[in-house]
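Inspection log for the structure reproduced underneath, given as structure tokens.
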Amino acid sequence: AVLSWTGEAASESFSLWQREQGGVMWAIENVTSQYLVENLQPNTTYFMTIENVCNGGYTNMSGNEVSFTTSECPAPSAPTFSGITKNSAVISWTENGEATAWQLNVSGGEDEYNYTITENPYTLTGLNPETEYTVQVRAICGGSAMSAWSEMDHFITDVACHAVTDLTYSNVTSNSAVLIWTGEAASESFTLWQMEQGGVMWAIENVTSQYLVE
């Protein structure tokens with residue numbers, strides 16, 4: 001909150017006295033005639049007055065005490081997830097107050113991470129494949145004031161390596177055939193496993209997604 005007041009020209013400085021409702025007064029010294037009071041708690045009533053400090057060490061406490069109640073710091077809505085890959089995910093949530101910064105708590109497997117961020121949505125990276133992650137978010141409402149944690153939600157990262165799809169064959173002759181399939185773009189290579197009916201599987205490594213079996 002911003003406090004402002006009028007003091008005489010000869011004033012050497014001012015002291016701002018404040019207290020929470022039911023609390024004890026304490027002073028911030030050497031303030032100007034307009035002062036931003038920070039690090040207040042949300043949804044709390046404060047009482048404040050000004051002491052004029054004049055030349056020669058004389059002081060005079062104002063008879064004018066003001067009071068106000070800070071705004072609430074509500075918890076964000078539960079996070080939602082999109083763009084999930086094997087090592088990343090996009091997290092978003094609904095801010096139910098006026099916060100522009102948040103804390104994320106992310107846990108998965110044996111790991112737990114805490115992030116202080118100013119982006120919504122936010123992209124988590126460096127995750128492990130095929131792992132369930134649990135996420136909560138809370139609002140930072142200024143200073144040390146925090147909301148409660150949101151409801152918990154979770155997601156599972158993608159598998160590390162997808163199976164190929166759409167396996168087909170063509171151009172079958174007496175001693176050859178062409179195999180075609182679809183693999184993910186990030187695939188490093190493919191291994192073709194084959195066997196005769198009743199036989200044993202064996203592999204041809206480092207083949208492409210279209211291969212002539214001879």
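Following the order of the structure tokens, first chain is A, next is B, and so on, with residues numbered from 1 inside each chain and ligands from 1 in the order they appear.
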If you run DSSP over the backbone, which residues in range 1-80 of chain A end up strand (DSSP E or B)? Put them as a PyMOL selection string.
chain A and resi 2-4+11-20+26-31+34-36+45-54+59-61+66-69+80
So that I can see what lies close to range 138-153 of chain A, please list as a PyMOL selection string the residues with an atom at most 12 Å from it, counting only C-alpha atoms and leaving out residues fewer than 6 positions away in the same chain.
chain A and resi 1+37-44+70-81+91-108+114-120+132
Using CA of Val31 in chain A and CA of Asn64 in chain A as the two end points, give the distance in Å to one decimal.
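Straight-line distance from CA of Val31 in chain A to CA of Asn64 in chain A works out to 17.0 Å.
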Between CA of Val53 in chain A and CA of Gly7 in chain A, measure the distance and give it in Å to one decimal.
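CA of Gly7 in chain A lies 9.8 Å from CA of Val53 in chain A.
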Shortest interatomic distance to Asn60 in chain A - which of A:Tyr211, A:Phe155, A:Phe14, A:Trp181, counting only C-alpha atoms
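Checking each of A:Tyr211, A:Phe155, A:Phe14, A:Trp181 against Asn60 in chain A, counting only C-alpha atoms, the winner is A:Phe14.
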Top pick for closest residue to Cys161 in chain A, considering A:Ser11, A:Thr6, A:Ser62, A:Thr85 and counting only C-alpha atoms
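Answer, going by the shortest atom-to-atom distance: A:Thr85.
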Go through A:Val2, A:Met25, A:Met61, A:Ile180 and flag the residue nearest Thr168 in chain A, using only C-alpha atoms for the distances.
A:Ile180
Contacts of Asn30 in chain A at 12 Å (only C-alpha atoms; same-chain gap of 2+ positions) as a ChimeraX atom specification:
/A:11-17,27-28,32-35,50-54
